[in-house]
file final16.cif (mmCIF, C-alpha atoms)
data_final
#
loop_
_atom_site.label_atom_id
_atom_site.label_comp_id
_atom_site.auth_asym_id
_atom_site.auth_seq_id
_atom_site.Cartn_x
_atom_site.Cartn_y
_atom_site.Cartn_z
CA SER N 10 -11.16 20.77 2.70
CA ILE N 11 -9.70 24.27 2.18
CA VAL N 12 -11.45 25.68 5.25
CA PHE N 13 -10.35 22.91 7.59
CA MET N 14 -6.76 22.92 6.31
CA TYR N 15 -6.70 26.70 6.88
CA PHE N 16 -7.45 26.11 10.58
CA VAL N 17 -4.90 23.28 10.79
CA ILE N 18 -2.15 25.59 9.49
CA ALA N 19 -3.22 28.75 11.34
CA GLY N 20 -4.21 27.04 14.60
CA TRP N 21 -1.42 24.51 15.03
CA GLY N 22 1.32 26.44 13.24
CA THR N 23 3.75 28.88 14.80
CA GLY N 24 2.33 32.36 15.30
CA ALA N 25 2.04 35.12 12.70
CA PRO N 26 3.98 33.34 9.92
CA ALA N 27 1.59 30.40 10.16
CA ARG N 28 -1.44 32.68 9.89
CA ARG N 29 0.04 34.39 6.82
CA ALA N 30 0.81 31.04 5.20
CA ALA N 31 -2.72 29.82 5.99
CA LEU N 32 -4.29 32.93 4.48
CA THR N 33 -2.13 32.62 1.34
CA PHE N 34 -3.11 28.96 1.06
CA PHE N 35 -6.79 29.77 1.49
CA LEU N 36 -6.93 32.66 -1.00
CA TYR N 37 -4.81 30.93 -3.64
CA THR N 38 -6.67 27.63 -3.56
CA PHE N 39 -10.05 29.35 -3.24
CA LEU N 40 -9.37 31.24 -6.47
CA GLY N 41 -8.46 27.90 -8.01
CA SER N 42 -11.82 26.58 -6.84
CA LEU N 43 -13.60 29.49 -8.52
CA ALA N 44 -11.81 28.70 -11.78
CA LEU N 45 -12.92 25.08 -11.40
CA LEU N 46 -16.50 26.17 -10.79
CA LEU N 47 -16.46 28.29 -13.95
CA GLY N 48 -15.14 25.33 -15.93
CA PHE N 49 -17.78 23.01 -14.48
CA ILE N 50 -20.55 25.47 -15.39
CA LEU N 51 -19.26 25.77 -18.96
CA LEU N 52 -19.08 21.99 -19.18
CA ALA N 53 -22.59 21.55 -17.81
CA LEU N 54 -24.06 24.12 -20.23
CA ALA N 55 -22.59 22.18 -23.15
CA GLY N 56 -24.74 19.16 -22.31
CA THR N 57 -28.16 18.49 -23.81
CA PRO N 58 -29.98 19.17 -21.56
CA PRO N 59 -27.50 21.06 -19.35
CA THR N 60 -26.28 18.70 -16.63
CA PHE N 61 -23.51 18.22 -14.07
CA ASP N 62 -23.94 14.44 -14.22
CA ILE N 63 -20.51 13.00 -15.11
CA PRO N 64 -21.70 9.69 -16.68
CA ALA N 65 -24.25 11.60 -18.78
CA LEU N 66 -21.57 14.03 -19.99
CA VAL N 67 -19.22 11.15 -20.79
CA GLU N 68 -21.95 9.47 -22.85
CA GLN N 69 -22.97 12.67 -24.65
CA ASN N 70 -19.40 13.94 -25.19
CA PRO N 71 -20.82 17.38 -26.04
CA LEU N 72 -17.42 18.94 -26.72
CA ALA N 73 -16.17 16.18 -29.01
CA GLY N 74 -15.31 18.77 -31.63
CA GLY N 75 -13.06 20.78 -29.31
CA GLY N 76 -12.98 24.34 -30.65
CA GLY N 77 -12.85 27.60 -28.77
CA TYR N 78 -15.56 26.71 -26.25
CA GLY N 79 -13.84 23.44 -25.38
CA ALA N 80 -10.48 25.19 -25.08
CA LEU N 81 -11.95 27.82 -22.72
CA THR N 82 -13.56 25.11 -20.60
CA LEU N 83 -10.31 23.15 -20.37
CA LEU N 84 -8.40 26.36 -19.55
CA ALA N 85 -10.68 27.13 -16.58
CA ILE N 86 -10.61 23.56 -15.29
CA GLY N 87 -6.88 23.22 -15.98
CA ILE N 88 -5.97 26.39 -14.04
CA GLY N 89 -8.08 25.27 -11.09
CA LEU N 90 -6.50 21.82 -11.03
CA ALA N 91 -2.99 23.23 -11.58
CA VAL N 92 -3.42 25.31 -8.40
CA LYS N 93 -4.62 22.28 -6.45
CA THR N 94 -1.86 19.95 -7.67
CA PRO N 95 0.23 22.32 -7.60
CA LEU N 96 2.12 22.81 -10.86
CA PHE N 97 4.59 25.50 -11.89
CA PRO N 98 3.88 28.46 -11.89
CA PHE N 99 0.87 27.99 -9.56
CA HIS N 100 2.93 26.38 -6.78
CA THR N 101 3.96 29.38 -4.68
CA TRP N 102 1.38 28.74 -1.94
CA LEU N 103 2.75 25.26 -1.18
CA PRO N 104 6.19 25.76 0.47
CA PRO N 105 4.97 28.31 3.09
CA ALA N 106 1.91 26.17 3.84
CA HIS N 107 4.06 23.08 4.41
CA THR N 108 6.73 24.94 6.36
CA GLU N 109 4.29 26.52 8.81
CA ALA N 110 1.85 23.62 9.15
CA PRO N 111 2.30 20.99 11.87
CA ALA N 112 3.85 17.75 10.67
CA ALA N 113 0.53 15.91 10.66
CA GLY N 114 -1.05 18.76 8.67
CA SER N 115 1.77 18.62 6.11
CA ALA N 116 1.28 14.85 5.81
CA ILE N 117 -2.45 15.30 5.12
CA LEU N 118 -1.80 18.14 2.69
CA ALA N 119 0.80 16.18 0.71
CA ALA N 120 -0.76 12.74 0.88
CA ILE N 121 -4.40 13.64 0.24
CA LEU N 122 -5.17 17.22 -0.73
CA LEU N 123 -2.63 17.50 -3.55
CA LYS N 124 -4.12 14.38 -5.14
CA MET N 125 -7.44 16.19 -5.55
CA GLY N 126 -5.77 18.15 -8.34
CA THR N 127 -4.24 15.23 -10.21
CA TYR N 128 -7.37 13.13 -9.68
CA GLY N 129 -9.36 15.95 -11.26
CA PHE N 130 -7.33 15.64 -14.46
CA VAL N 131 -8.09 11.91 -14.61
CA ARG N 132 -11.74 12.15 -13.57
CA ILE N 133 -12.87 15.38 -15.25
CA ALA N 134 -10.49 16.98 -17.76
CA MET N 135 -9.45 13.91 -19.75
CA PRO N 136 -12.70 11.91 -20.13
CA LEU N 137 -15.08 14.89 -20.44
CA LEU N 138 -12.89 17.03 -22.73
CA PRO N 139 -11.04 14.43 -24.82
CA ALA N 140 -10.63 16.50 -27.98
CA SER N 141 -9.38 19.55 -26.10
CA TRP N 142 -7.09 17.39 -23.96
CA ARG N 143 -5.49 15.88 -27.08
CA GLN N 144 -5.18 19.36 -28.61
CA PHE N 145 -3.39 20.85 -25.59
CA ALA N 146 -1.71 17.75 -24.18
CA LEU N 147 1.71 19.10 -25.13
CA VAL N 148 1.11 22.07 -22.81
CA ALA N 149 0.46 19.61 -19.99
CA VAL N 150 3.67 17.75 -20.82
CA ILE N 151 5.72 20.98 -20.82
CA LEU N 152 4.25 22.13 -17.50
CA GLY N 153 4.92 18.69 -16.06
CA VAL N 154 8.57 18.69 -17.13
CA ILE N 155 9.12 22.25 -15.85
CA SER N 156 7.57 21.25 -12.51
CA VAL N 157 9.85 18.20 -12.33
CA LEU N 158 13.01 20.23 -12.89
CA TRP N 159 11.98 23.35 -10.97
CA GLY N 160 10.87 21.38 -7.92
CA ALA N 161 14.07 19.32 -7.85
CA LEU N 162 16.45 22.24 -8.44
CA VAL N 163 14.85 24.48 -5.81
CA ALA N 164 14.71 21.56 -3.35
CA LEU N 165 18.43 21.00 -3.94
CA ALA N 166 19.14 24.56 -2.78
CA GLN N 167 17.22 24.29 0.51
CA THR N 168 18.70 23.98 3.98
CA ASP N 169 15.25 23.79 5.60
CA LEU N 170 14.25 20.11 5.67
CA LYS N 171 10.53 20.76 5.45
CA ARG N 172 10.81 23.18 2.54
CA MET N 173 13.03 20.69 0.75
CA ILE N 174 10.39 17.97 1.09
CA ALA N 175 7.70 20.45 -0.02
CA TYR N 176 9.55 21.21 -3.25
CA THR N 177 10.00 17.50 -3.96
CA SER N 178 6.18 17.30 -3.96
CA ILE N 179 6.11 19.74 -6.89
CA ASN N 180 8.73 17.56 -8.57
CA HIS N 181 6.73 14.35 -8.12
CA MET N 182 3.43 15.88 -9.21
CA GLY N 183 5.21 16.98 -12.38
CA TYR N 184 5.77 13.31 -13.23
CA VAL N 185 2.02 12.73 -12.93
CA LEU N 186 1.21 15.45 -15.42
CA LEU N 187 3.94 14.23 -17.78
CA GLY N 188 2.24 10.82 -17.90
CA LEU N 189 -1.27 12.22 -18.32
CA GLY N 190 -0.17 14.69 -21.00
CA ALA N 191 1.68 11.98 -22.90
CA ALA N 192 -1.49 9.85 -22.80
CA GLY N 193 -3.21 12.56 -24.85
CA LEU N 194 -0.41 12.62 -27.44
CA ILE N 195 0.03 8.87 -27.92
CA THR N 196 -1.56 7.67 -31.15
CA ALA N 197 -4.81 5.72 -31.00
CA ASP N 198 -3.18 2.46 -32.11
CA ASP N 199 -0.62 2.40 -29.26
CA GLU N 200 -2.99 1.45 -26.48
CA GLN N 201 -0.30 -0.23 -24.37
CA ALA N 202 1.84 2.90 -24.11
CA ARG N 203 -1.18 5.03 -23.19
CA GLN N 204 -2.21 2.57 -20.51
CA LEU N 205 1.34 2.49 -19.12
CA ALA N 206 1.54 6.28 -18.89
CA THR N 207 -1.91 6.63 -17.31
CA ALA N 208 -1.45 3.75 -14.87
CA GLY N 209 2.00 5.05 -13.91
CA ALA N 210 0.62 8.53 -13.22
CA THR N 211 -2.12 7.07 -11.01
CA TYR N 212 0.40 4.82 -9.23
CA GLN N 213 2.52 7.90 -8.57
CA MET N 214 -0.40 9.56 -6.81
CA VAL N 215 -0.59 6.68 -4.34
CA SER N 216 3.17 6.29 -4.01
CA HIS N 217 3.81 9.97 -3.38
CA GLY N 218 1.11 10.06 -0.72
CA LEU N 219 2.75 7.26 1.27
CA ILE N 220 6.40 8.30 0.94
CA THR N 221 6.06 12.06 1.33
CA ALA N 222 3.70 11.71 4.28
CA ALA N 223 6.38 9.58 5.98
CA LEU N 224 9.04 12.20 5.21
CA PHE N 225 6.93 15.00 6.71
CA LEU N 226 6.25 12.95 9.84
CA LEU N 227 9.98 12.31 10.17
CA ALA N 228 10.65 16.04 9.78
CA GLY N 229 8.07 16.74 12.48
CA SER N 230 9.68 14.23 14.85
CA LEU N 231 13.06 15.90 14.33
CA HIS N 232 11.56 19.34 14.97
CA GLU N 233 10.00 18.16 18.24
CA ARG N 234 13.47 17.30 19.51
CA GLY N 235 15.63 20.02 17.97
CA HIS N 236 13.03 22.81 17.48
CA THR N 237 14.38 23.64 14.02
CA TYR N 238 14.17 22.30 10.48
CA ASP N 239 17.61 23.66 9.58
CA MET N 240 19.59 20.65 8.35
CA THR N 241 22.92 22.34 9.09
CA ALA N 242 22.05 22.33 12.81
CA TYR N 243 22.22 18.52 12.93
CA GLY N 244 24.99 15.99 12.45
CA GLY N 245 25.81 12.40 13.30
CA LEU N 246 22.20 11.42 13.89
CA ALA N 247 22.92 7.90 12.62
CA THR N 248 24.91 7.43 15.84
CA ARG N 249 22.61 9.38 18.15
CA THR N 250 19.19 8.33 16.78
CA PRO N 251 19.63 5.16 14.70
CA ARG N 252 15.90 4.46 14.33
CA PHE N 253 15.26 7.93 12.94
CA ALA N 254 18.28 7.65 10.65
CA GLY N 255 17.21 4.25 9.35
CA LEU N 256 13.64 5.31 8.55
CA PHE N 257 14.79 8.60 7.00
CA ALA N 258 17.21 6.73 4.74
CA VAL N 259 14.46 4.30 3.68
CA ALA N 260 12.04 7.18 2.97
CA ALA N 261 14.72 9.09 1.04
CA PHE N 262 15.59 6.10 -1.14
CA ALA N 263 11.89 5.47 -1.74
CA SER N 264 11.33 9.09 -2.76
CA LEU N 265 14.19 9.12 -5.26
CA GLY N 266 12.70 6.06 -7.01
CA LEU N 267 15.03 3.26 -5.93
CA PRO N 268 13.94 -0.19 -7.21
CA GLY N 269 12.01 -2.10 -4.58
CA PHE N 270 9.80 0.86 -3.67
CA SER N 271 6.52 2.09 -5.13
CA GLY N 272 8.11 5.23 -6.61
CA PHE N 273 10.21 3.13 -8.97
CA ILE N 274 7.15 1.32 -10.33
CA ALA N 275 5.31 4.61 -10.90
CA GLU N 276 8.16 6.49 -12.56
CA PHE N 277 9.25 3.55 -14.71
CA GLN N 278 5.74 3.20 -16.12
CA ILE N 279 5.43 6.93 -16.76
CA PHE N 280 8.76 7.06 -18.60
CA ALA N 281 8.09 3.84 -20.55
CA GLY N 282 4.65 5.04 -21.64
CA ALA N 283 5.68 8.61 -22.49
CA LEU N 284 8.97 7.85 -24.26
CA GLY N 285 7.48 7.06 -27.67
CA ALA N 286 5.20 10.12 -27.79
CA VAL N 287 7.45 12.75 -26.20
CA PRO N 288 11.02 11.39 -26.19
CA VAL N 289 12.78 14.71 -25.56
CA ALA N 290 10.50 15.68 -22.67
CA THR N 291 10.86 12.22 -21.14
CA VAL N 292 14.66 12.27 -21.30
CA VAL N 293 14.71 15.75 -19.74
CA ALA N 294 12.33 14.59 -16.98
CA VAL N 295 14.60 11.64 -16.16
CA THR N 296 17.23 14.15 -15.02
CA GLY N 297 14.80 15.03 -12.24
CA VAL N 298 15.45 11.58 -10.78
CA LEU N 299 19.18 12.36 -10.65
CA LEU N 300 18.54 15.72 -8.98
CA THR N 301 16.23 14.09 -6.43
CA ALA N 302 18.92 11.53 -5.65
CA ALA N 303 21.46 14.33 -5.20
CA LEU N 304 19.30 16.36 -2.83
CA PHE N 305 18.42 13.41 -0.60
CA LEU N 306 22.00 12.15 -0.48
CA LEU N 307 23.09 15.68 0.45
CA ALA N 308 20.45 15.84 3.20
CA MET N 309 21.52 12.46 4.60
CA GLY N 310 25.16 13.50 4.50
CA ARG N 311 24.40 16.68 6.42
CA MET N 312 22.20 15.20 9.13
CA LEU N 313 23.11 11.54 9.55
CA SER N 314 26.90 11.41 9.21
CA GLY N 315 29.85 13.24 10.71
CA GLU N 316 30.28 14.51 14.25
CA VAL N 317 27.25 14.25 16.53
CA ARG N 318 25.58 17.67 16.56
CA VAL N 319 22.12 18.76 17.70
CA PRO N 320 20.79 22.31 18.27
CA ASP N 321 21.66 24.21 21.45
CA THR N 322 24.45 21.94 22.62
CA PRO N 323 27.34 24.20 23.64
CA GLY N 324 28.91 21.50 25.81
CA THR N 325 27.62 18.08 26.64
CA PRO N 326 24.80 17.12 24.27
CA ARG N 327 21.41 17.45 25.90
CA PRO N 328 18.92 14.55 25.78
CA PHE N 329 17.89 13.94 22.18
CA PRO N 330 15.76 10.78 22.18
CA ASP N 331 15.22 8.48 19.24
CA LEU N 332 11.80 7.78 17.71
CA ASP N 333 9.31 6.32 20.17
CA VAL N 334 6.90 3.45 19.54
CA ARG N 335 4.05 5.74 18.44
CA GLU N 336 6.22 7.43 15.83
CA LEU N 337 7.71 4.14 14.65
CA LEU N 338 4.26 2.67 14.06
CA ALA N 339 2.92 5.71 12.19
CA ILE N 340 5.94 6.23 9.96
CA GLY N 341 6.83 2.55 9.60
CA ALA N 342 3.34 1.65 8.40
CA LEU N 343 3.58 4.14 5.52
CA LEU N 344 7.01 2.89 4.46
CA VAL N 345 5.94 -0.76 4.71
CA LEU N 346 3.07 0.00 2.32
CA ALA N 347 5.44 1.79 -0.06
CA THR N 348 7.71 -1.26 0.02
CA VAL N 349 4.87 -3.74 -0.50
CA LEU N 350 3.66 -1.75 -3.52
CA GLY N 351 7.22 -1.70 -4.83
CA LEU N 352 7.73 -5.45 -4.50
CA LEU N 353 4.16 -6.57 -5.30
CA PRO N 354 2.84 -3.89 -7.70
CA ARG N 355 0.07 -6.15 -9.03
CA VAL N 356 -1.81 -5.59 -5.79
CA LEU N 357 -2.56 -2.06 -6.99
CA LEU N 358 -2.06 -2.35 -10.74
CA ASP N 359 -4.89 -4.90 -11.02
CA VAL N 360 -7.18 -2.15 -9.72
CA ILE N 361 -5.69 0.71 -11.74
CA GLU N 362 -5.15 -0.83 -15.17
CA PRO N 363 -8.81 -1.55 -16.09
CA ALA N 364 -9.69 2.06 -15.28
CA ALA N 365 -6.63 3.30 -17.19
CA ARG N 366 -7.74 1.25 -20.20
CA THR N 367 -11.22 2.76 -20.05
CA LEU N 368 -9.78 6.26 -19.68
CA GLY N 369 -7.61 5.67 -22.76
CA GLU N 370 -10.66 4.70 -24.77
CA LEU N 371 -12.47 7.86 -23.67
CA VAL N 372 -9.52 10.14 -24.47
CA THR N 373 -9.16 8.77 -28.01
CA ARG N 374 -12.85 9.18 -28.94
#

call {"tool": "encode", "arguments": {"input": "final16.cif", "output": "structure tokens"}}
result
Amino acid sequence: SIVFMYFVIAGWGTGAPARRAALTFFLYTFLGSLALLLGFILLALAGTPPTFDIPALVEQNPLAGGGGYGALTLLAIGIGLAVKTPLFPFHTWLPPAHTEAPAAGSAILAAILLKMGTYGFVRIAMPLLPASWRQFALVAVILGVISVLWGALVALAQTDLKRMIAYTSINHMGYVLLGLGAAGLITADDEQARQLATAGATYQMVSHGLITAALFLLAGSLHERGHTYDMTAYGGLATRTPRFAGLFAVAAFASLGLPGFSGFIAEFQIFAGALGAVPVATVVAVTGVLLTAALFLLAMGRMLSGEVRVPDTPGTPRPFPDLDVRELLAIGALLVLATVLGLLPRVLLDVIEPAARTLGELVTR
């Protein structure tokens, strides 16, 4: 996945900056992969006999006692997954990669590749290293909260639309780690809270993939017409391109967690599950929702309202067409799914919750 995404960024990006961003992405994430490999080897050697078989390792639970070896294994796996996710302070490869990648490449990177990191926490770190996860779960919570606030604050300062969306990805992945870390701190007798936090984190993975992919495709459509991501170069698009404005507003409201969209279901469950175990961290993380609302409202105010303004229009505005049928179908399908999962969450929760319950049992062993 790293190799092919390198060629997507370098080949379909824009010149030398794209090649630099692709190389940074490749080297950074490749080093994360090496850390993962080291962790997997340490984990396999702990088995009796040594094995990479996940069900066998779950059954054996060779690192049930935690200790130094378990901590070292979790450190290696955790660093690798933190790079993939990405979490603060391992996030620096993400904004350049998103900015220089084509819109479709950014959508794939945000919707699919980032989830390989968070999925790794659920599939590997938590069930195979339960004692170490419980021991260091507070570290995961702290990193998650820092990622939530850092991503939102830096996104708020951006004038580049694509970089702004990229930093909101860091913000949303922070919520995932908050929920998973809280699941390791919740006491064994509070199964409902643990299931809520874990299910909410998993729901967030799906929700973020749909909503952020739609936002990146919208940014790409805007760039095709105006040849810039600078939000200050646009104005009055609600009048000029109503279809674009409508879909961007829907995607923005979905991303900030408005009720009726999948993001609300995910974040509500994360906060409800984590509140009892880490109340201070949860309250601090809730401010990330307010910051996300502020940055998207600011972006909509800049681009959609006011006097009609598009790049390179010294006199009469040049042709600046609205979204075509192809774009409407691609972006609309993602937002329809995000809405369906916001209004009918049981469609997905019935799949997630049994697995979340099993994961909770494994973590508390």

call {"tool": "closest_residue", "arguments": {"input": "final16.cif", "among": "N:Leu83, N:Leu123, N:Leu43, N:Leu352", "to": "Met135 of chain N", "atoms": "all atoms listed in the file"}}
result
N:Leu83

call {"tool": "residues_around", "arguments": {"input": "final16.cif", "residues": "segment 293-303 of chain N", "least_positions_apart": "4", "cutoff": "7 Å", "atoms": "all atoms listed in the file", "output": "list in words"}}
result
Val154, Val157, Leu158, Ala161, Leu162, Leu265, Val289 and Leu307 of chain N

call {"tool": "closest_residue", "arguments": {"input": "final16.cif", "among": "N:Lys93, N:Arg29, N:Lys171, N:His100", "to": "Ala308 of chain N", "atoms": "all atoms listed in the file"}}
result
N:Lys171

call {"tool": "closest_residue", "arguments": {"input": "final16.cif", "among": "N:Glu68, N:Glu200, N:Glu233, N:Glu276", "to": "Phe329 of chain N", "atoms": "only C-alpha atoms"}}
result
N:Glu233

call {"tool": "residues_near_point", "arguments": {"input": "final16.cif", "point": "(3.2, 12.9, -0.5)", "cutoff": "10 Å", "atoms": "all atoms listed in the file", "output": "ChimeraX atom specification"}}
result
/N:115-124,174-175,177-179,181-182,213-225,264

call {"tool": "write_last_selection", "arguments": {"input": "final16.cif", "atoms": "C-alpha atoms", "output": "PDB file, in the frame of the given file"}}
result
ATOM      1  CA  SER N 115       1.770  18.620   6.110  1.00  0.00           C
ATOM      2  CA  ALA N 116       1.280  14.850   5.810  1.00  0.00           C
ATOM      3  CA  ILE N 117      -2.450  15.300   5.120  1.00  0.00           C
ATOM      4  CA  LEU N 118      -1.800  18.140   2.690  1.00  0.00           C
ATOM      5  CA  ALA N 119       0.800  16.180   0.710  1.00  0.00           C
ATOM      6  CA  ALA N 120      -0.760  12.740   0.880  1.00  0.00           C
ATOM      7  CA  ILE N 121      -4.400  13.640   0.240  1.00  0.00           C
ATOM      8  CA  LEU N 122      -5.170  17.220  -0.730  1.00  0.00           C
ATOM      9  CA  LEU N 123      -2.630  17.500  -3.550  1.00  0.00           C
ATOM     10  CA  LYS N 124      -4.120  14.380  -5.140  1.00  0.00           C
ATOM     11  CA  ILE N 174      10.390  17.970   1.090  1.00  0.00           C
ATOM     12  CA  ALA N 175       7.700  20.450  -0.020  1.00  0.00           C
ATOM     13  CA  THR N 177      10.000  17.500  -3.960  1.00  0.00           C
ATOM     14  CA  SER N 178       6.180  17.300  -3.960  1.00  0.00           C
ATOM     15  CA  ILE N 179       6.110  19.740  -6.890  1.00  0.00           C
ATOM     16  CA  HIS N 181       6.730  14.350  -8.120  1.00  0.00           C
ATOM     17  CA  MET N 182       3.430  15.880  -9.210  1.00  0.00           C
ATOM     18  CA  GLN N 213       2.520   7.900  -8.570  1.00  0.00           C
ATOM     19  CA  MET N 214      -0.400   9.560  -6.810  1.00  0.00           C
ATOM     20  CA  VAL N 215      -0.590   6.680  -4.340  1.00  0.00           C
ATOM     21  CA  SER N 216       3.170   6.290  -4.010  1.00  0.00           C
ATOM     22  CA  HIS N 217       3.810   9.970  -3.380  1.00  0.00           C
ATOM     23  CA  GLY N 218       1.110  10.060  -0.720  1.00  0.00           C
ATOM     24  CA  LEU N 219       2.750   7.260   1.270  1.00  0.00           C
ATOM     25  CA  ILE N 220       6.400   8.300   0.940  1.00  0.00           C
ATOM     26  CA  THR N 221       6.060  12.060   1.330  1.00  0.00           C
ATOM     27  CA  ALA N 222       3.700  11.710   4.280  1.00  0.00           C
ATOM     28  CA  ALA N 223       6.380   9.580   5.980  1.00  0.00           C
ATOM     29  CA  LEU N 224       9.040  12.200   5.210  1.00  0.00           C
ATOM     30  CA  PHE N 225       6.930  15.000   6.710  1.00  0.00           C
ATOM     31  CA  SER N 264      11.330   9.090  -2.760  1.00  0.00           C
TER      32      SER N 264
END

call {"tool": "closest_residue", "arguments": {"input": "final16.cif", "among": "N:Ala149, N:Ala365, N:Met309, N:Leu344", "to": "Leu90 of chain N", "atoms": "all atoms listed in the file"}}
result
N:Ala149

call {"tool": "axis_aligned_box", "arguments": {"input": "final16.cif", "around": "segment 129-143 of chain N", "padding_each_side": "6 Å", "output": "JSON"}}
result
{"center_x": -10.3, "center_y": 15.7, "center_z": -19.6, "size_x": 21.6, "size_y": 19.6, "size_z": 28.7}

call {"tool": "closest_residue", "arguments": {"input": "final16.cif", "among": "N:Leu313, N:Ala242, N:Ala290, N:Ala210", "to": "Phe273 of chain N", "atoms": "only C-alpha atoms"}}
result
N:Ala210

call {"tool": "atom_distance", "arguments": {"input": "final16.cif", "atom1": "atom CA of Tyr184 of chain N", "atom2": "atom CA of Gly229 of chain N"}}
result
26.0 Å

call {"tool": "closest_residue", "arguments": {"input": "final16.cif", "among": "N:Gly160, N:Gly255, N:Gly79, N:Pro64", "to": "Leu103 of chain N", "atoms": "only C-alpha atoms"}}
result
N:Gly160

call {"tool": "atom_distance", "arguments": {"input": "final16.cif", "atom1": "atom CA of Gln69 of chain N", "atom2": "atom CA of Thr94 of chain N"}}
result
28.1 Å

call {"tool": "atom_distance", "arguments": {"input": "final16.cif", "atom1": "atom CA of Tyr128 of chain N", "atom2": "atom CA of Leu189 of chain N"}}
result
10.6 Å

call {"tool": "resolve_selection", "arguments": {"input": "final16.cif", "expression": "the PyMOL selection byres ((chain N and resi 71) around 10)", "output": "list in words"}}
result
Leu52, Ala53, Leu54, Ala55, Gly56, Thr57, Ala65, Leu66, Val67, Glu68, Gln69, Asn70, Leu72, Ala73, Gly74, Gly75, Gly79, Leu137 and Leu138 of chain N

call {"tool": "resolve_selection", "arguments": {"input": "final16.cif", "expression": "the PyMOL selection byres ((chain N and resi 315) around 7)", "output": "list of chain:residue names"}}
result
N:Gly244, N:Gly245, N:Ser314, N:Glu316, N:Val317

call {"tool": "resolve_selection", "arguments": {"input": "final16.cif", "expression": "the PyMOL selection byres ((chain N and resi 287) around 12)", "output": "PyMOL selection string"}}
result
chain N and resi 146-151+154+187-196+202-203+206+279-286+288-294

call {"tool": "residues_around", "arguments": {"input": "final16.cif", "residues": "Thr211 of chain N", "least_positions_apart": "5", "cutoff": "8 Å", "atoms": "only C-alpha atoms", "output": "ChimeraX atom specification"}}
result
/N:185,275,361

call {"tool": "residues_around", "arguments": {"input": "final16.cif", "residues": "Gln167 of chain N", "least_positions_apart": "2", "cutoff": "10 Å", "atoms": "only C-alpha atoms", "output": "VMD selection string"}}
result
chain N and resid 162 to 165 169 to 174 176 239 to 240 304 308

call {"tool": "write_last_selection", "arguments": {"input": "final16.cif", "atoms": "C-alpha atoms", "output": "mmCIF file, in the frame of the given file"}}
result
data_model
loop_
_atom_site.group_PDB
_atom_site.id
_atom_site.type_symbol
_atom_site.label_atom_id
_atom_site.label_comp_id
_atom_site.auth_asym_id
_atom_site.auth_seq_id
_atom_site.Cartn_x
_atom_site.Cartn_y
_atom_site.Cartn_z
ATOM 1 C CA LEU N 162 16.450 22.240 -8.440
ATOM 2 C CA VAL N 163 14.850 24.480 -5.810
ATOM 3 C CA ALA N 164 14.710 21.560 -3.350
ATOM 4 C CA LEU N 165 18.430 21.000 -3.940
ATOM 5 C CA ASP N 169 15.250 23.790 5.600
ATOM 6 C CA LEU N 170 14.250 20.110 5.670
ATOM 7 C CA LYS N 171 10.530 20.760 5.450
ATOM 8 C CA ARG N 172 10.810 23.180 2.540
ATOM 9 C CA MET N 173 13.030 20.690 0.750
ATOM 10 C CA ILE N 174 10.390 17.970 1.090
ATOM 11 C CA TYR N 176 9.550 21.210 -3.250
ATOM 12 C CA ASP N 239 17.610 23.660 9.580
ATOM 13 C CA MET N 240 19.590 20.650 8.350
ATOM 14 C CA LEU N 304 19.300 16.360 -2.830
ATOM 15 C CA ALA N 308 20.450 15.840 3.200
#
